[in-house]
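S.K.: Shown below is the structure under consideration.
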Amino acid sequence: MPIPLNDLERVQKQCWNVDDDLRWIVAAISDTGCRMAEIVGLSKVDVRLDGDIPFISISPKPWRRLKTASSERDIPLVGSAL
């Protein structure tokens, strides 16, 4: 079952109140739907901010494999994730 929107918004507000890595990870997960390993396994080249629509690119890395082949994808950055 999906997490209710009001619960997500409450968690995101808490993430904005304290500026640290763990809370930014939670905020990114909440607006992208990514798995934790996908977010913490990102490298700088995976974050694309220069186009019309900022996005992250999820792909296999030497330090992290993907759960399935269809897990490779580009995800637009919106809300807390941006």
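Order determines the names: the first chain of the structure tokens is A, the second B, and so forth; residues in each chain are numbered 1 upward, and ligands are numbered 1 upward as they are shown.
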Give the strand (DSSP E or B) residues of chain A, as assigned by DSSP on the backbone, as an MDAnalysis selection string.

M.R.: chainID A and resid 47:48 55:58 61 64 73:76

S.K.: Which residues, written as JSON, numbers by chain, have at least one atom at most 10 Å from Val11 of chain A, with only C-alpha atoms counted and residues fewer than 6 positions away on the same chain left out?

M.R.: {"A": [5, 23, 26, 27, 30]}

S.K.: Might you pull out every residue within 7 Å of segment 45-56 of chain A, with only C-alpha atoms counted and same-chain residues fewer than 6 positions away left off, and present them as a VMD selection string?

M.R.: chain A and resid 74 to 77

S.K.: Go through A:Leu8, A:Ile58, A:Val78, A:Met1 one by one, measure the shortest atom-to-atom distance of each to Ala37 of chain A using only C-alpha atoms, and give the residue with the smallest value.

M.R.: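 Counting only C-alpha atoms, the residue closest to Ala37 of chain A is A:Ile58.
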
S.K.: Output as number ranges by chain all residues of chain A that backbone DSSP marks as helix (DSSP H, G or I).

M.R.: A: 5-17, 21-32, 36-40, 44-46, 69-71, 79-81

S.K.: For Glu72 of chain A, work out the shell of residues within 12 Å, counting only C-alpha atoms and skipping chain neighbours fewer than 5 positions away, then give it as a PyMOL selection string.

M.R.: chain A and resi 34-35+38+46+56-61+65-67

S.K.: By how many Å are atom CA of Thr68 of chain A and atom CA of Ile3 of chain A apart?

M.R.: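 Value for the atom CA of Thr68 of chain A-atom CA of Ile3 of chain A distance: 23.1 Å.
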